[in-house]
Amino acid sequence: MNDIAQTASPHKDYAGSKLGMWLFLFTEILLFGGLFLVYSVYRSMYPQDFHAAAAGLSVVLGTVNTVILLTSSLTMALSISALRRGNSRRSVLLQSATIVLGLVFLVNKYFEWSGHIHEGLYPNAPELLTRSHGEILFYGLYYVMTGLHGIHVVVGLVLIGIMLTLTMRQRITGADYVKLENAGLYWHLVDLIWIYLFPLFYLIT
């Protein structure tokens, strides 16, 4: 009887862990969903101003960052797949690649923000305050939403770094990979949010 309980327990923990992660991701979706709603309202009020402000963003850099995050989601998914097949070494390499790609994304975002700040396009900057109200709102939302997303990227990288360490120490294996899978779900959410941010700020027509 005890053997049956011990066998069922891991499955119960696995299901509970997955459910907890999905509930957490749901709250994150609500958070960004509210911001997207605010963006939509202001964009409908100032369509021309938003279009003019978006012209100051680099579509090329935004596209590069999109490709980077999409690739990082792929490497993360492949790392989980490799671990499930028992190839922990390959999983470690792929998790490392995901971290490197995430860091490259943050470096690109740092240079992009630095360029805008140098131009005086940041909240309450004298240069920005000379522009229309719609453009001021655009850049306010740009910094808040991409900044919040950047924080999520940092959290994701720390989380994957922990998973990488646990995998190297054989604490996460092909028989018990739920932690890595949950980390992958979080990283995919980070990627999904950017997929929405990219067209909203960089591809306004």
# chains A, B, ... in the order shown; residues from 1 in each chain; ligands from 1
>>> closest_atom_pairs(of="segment 111-168 of chain A", to="segment 65-86 of chain A", cutoff="10 Å", atoms="only C-alpha atoms", output="JSON lines")
{"residue": "A:Val153", "atom": "CA", "partner": "A:Leu69", "partner_atom": "CA", "distance": 9.8}
{"residue": "A:Ile160", "atom": "CA", "partner": "A:Met76", "partner_atom": "CA", "distance": 9.0}
{"residue": "A:Thr167", "atom": "CA", "partner": "A:Leu83", "partner_atom": "CA", "distance": 8.9}
>>> residues_around(residues="segment 135-151 of chain A", least_positions_apart="6", cutoff="6 Å", atoms="only C-alpha atoms", output="PyMOL selection string")
chain A and resi 49-50+53+123
>>> write_last_selection(atoms="all heavy atoms", output="PDB file, in the first residue's frame")
ATOM      1  N   ASP A  49      -0.043  60.667 -33.796  1.00  0.00           N
ATOM      2  CA  ASP A  49       1.075  60.885 -32.882  1.00  0.00           C
ATOM      3  C   ASP A  49       1.832  59.588 -32.612  1.00  0.00           C
ATOM      4  O   ASP A  49       3.066  59.573 -32.556  1.00  0.00           O
ATOM      5  CB  ASP A  49       0.577  61.464 -31.563  1.00  0.00           C
ATOM      6  CG  ASP A  49       0.068  62.893 -31.718  1.00  0.00           C
ATOM      7  OD1 ASP A  49       0.384  63.519 -32.743  1.00  0.00           O
ATOM      8  OD2 ASP A  49      -0.635  63.376 -30.812  1.00  0.00           O
ATOM      9  N   PHE A  50       1.100  58.508 -32.443  1.00  0.00           N
ATOM     10  CA  PHE A  50       1.744  57.215 -32.214  1.00  0.00           C
ATOM     11  C   PHE A  50       2.559  56.796 -33.430  1.00  0.00           C
ATOM     12  O   PHE A  50       3.667  56.268 -33.306  1.00  0.00           O
ATOM     13  CB  PHE A  50       0.696  56.150 -31.878  1.00  0.00           C
ATOM     14  CG  PHE A  50       0.415  56.030 -30.409  1.00  0.00           C
ATOM     15  CD1 PHE A  50       0.136  57.153 -29.636  1.00  0.00           C
ATOM     16  CD2 PHE A  50       0.424  54.797 -29.784  1.00  0.00           C
ATOM     17  CE1 PHE A  50      -0.114  57.055 -28.273  1.00  0.00           C
ATOM     18  CE2 PHE A  50       0.189  54.680 -28.422  1.00  0.00           C
ATOM     19  CZ  PHE A  50      -0.092  55.805 -27.659  1.00  0.00           C
ATOM     20  N   ALA A  53       5.738  58.915 -33.505  1.00  0.00           N
ATOM     21  CA  ALA A  53       6.689  58.516 -32.464  1.00  0.00           C
ATOM     22  C   ALA A  53       7.357  57.186 -32.799  1.00  0.00           C
ATOM     23  O   ALA A  53       8.553  57.001 -32.577  1.00  0.00           O
ATOM     24  CB  ALA A  53       5.976  58.413 -31.123  1.00  0.00           C
ATOM     25  N   PRO A 123      10.879  59.686 -20.359  1.00  0.00           N
ATOM     26  CA  PRO A 123       9.831  60.374 -19.582  1.00  0.00           C
ATOM     27  C   PRO A 123      10.315  61.641 -18.890  1.00  0.00           C
ATOM     28  O   PRO A 123      11.362  61.639 -18.243  1.00  0.00           O
ATOM     29  CB  PRO A 123       9.409  59.295 -18.574  1.00  0.00           C
ATOM     30  CG  PRO A 123       9.678  58.009 -19.277  1.00  0.00           C
ATOM     31  CD  PRO A 123      10.936  58.247 -20.072  1.00  0.00           C
TER      32      PRO A 123
END
>>> closest_residue(among="A:Thr98, A:Asn108, A:Ser88, A:Ser40", to="Ala175 of chain A", atoms="only C-alpha atoms")
A:Ser88
>>> select_by_dssp(residues="chain A", states="alpha helix (DSSP H)", output="ChimeraX atom specification")
/A:2-45,47-54,59-84,88-118,126-129,133-168,178-202
>>> residues_around(residues="Ile204 of chain A", least_positions_apart="4", cutoff="8 Å", atoms="only C-alpha atoms", output="JSON, numbers by chain")
{"A": [50, 51, 54, 199, 200]}
>>> residues_around(residues="Leu164 of chain A", least_positions_apart="2", cutoff="8 Å", atoms="only C-alpha atoms", output="PyMOL selection string")
chain A and resi 92+95-96+160-162+166-168
>>> write_last_selection(atoms="N, CA, C and O atoms", output="compact mmCIF listing (two decimals), in the first residue's frame")
# COMPACT_ATOMS: atom_id res chain seq x y z
N VAL A 92 22.11 20.68 -21.27
CA VAL A 92 22.93 21.72 -20.64
C VAL A 92 23.41 22.72 -21.69
O VAL A 92 23.37 23.94 -21.48
N GLN A 95 20.41 24.84 -22.81
CA GLN A 95 20.03 25.81 -21.78
C GLN A 95 21.03 26.97 -21.75
O GLN A 95 20.65 28.14 -21.59
N SER A 96 22.30 26.64 -21.90
CA SER A 96 23.34 27.68 -21.94
C SER A 96 23.13 28.60 -23.13
O SER A 96 23.29 29.82 -23.03
N ILE A 160 16.42 30.12 -15.50
CA ILE A 160 17.06 29.12 -16.36
C ILE A 160 18.47 28.81 -15.86
O ILE A 160 18.94 27.67 -15.94
N GLY A 161 19.15 29.83 -15.33
CA GLY A 161 20.47 29.60 -14.75
C GLY A 161 20.42 28.61 -13.60
O GLY A 161 21.30 27.75 -13.46
N ILE A 162 19.38 28.72 -12.77
CA ILE A 162 19.19 27.78 -11.66
C ILE A 162 18.92 26.39 -12.21
O ILE A 162 19.47 25.39 -11.72
N LEU A 166 21.06 22.91 -11.65
CA LEU A 166 20.43 21.68 -11.16
C LEU A 166 20.61 20.54 -12.14
O LEU A 166 20.78 19.38 -11.74
N THR A 167 20.56 20.85 -13.42
CA THR A 167 20.75 19.81 -14.44
C THR A 167 22.18 19.28 -14.40
O THR A 167 22.41 18.07 -14.51
N MET A 168 23.13 20.19 -14.27
CA MET A 168 24.53 19.78 -14.21
C MET A 168 24.82 18.94 -12.97
O MET A 168 25.70 18.07 -12.98
>>> atom_distance(atom1="atom CA of Lys18 of chain A", atom2="atom CA of Glu181 of chain A")
8.6 Å
>>> closest_residue(among="A:Leu128, A:Ala183, A:Val178, A:Leu35", to="Val155 of chain A", atoms="only C-alpha atoms")
A:Ala183
>>> atom_distance(atom1="atom CA of Ala125 of chain A", atom2="atom CA of Trp113 of chain A")
13.7 Å
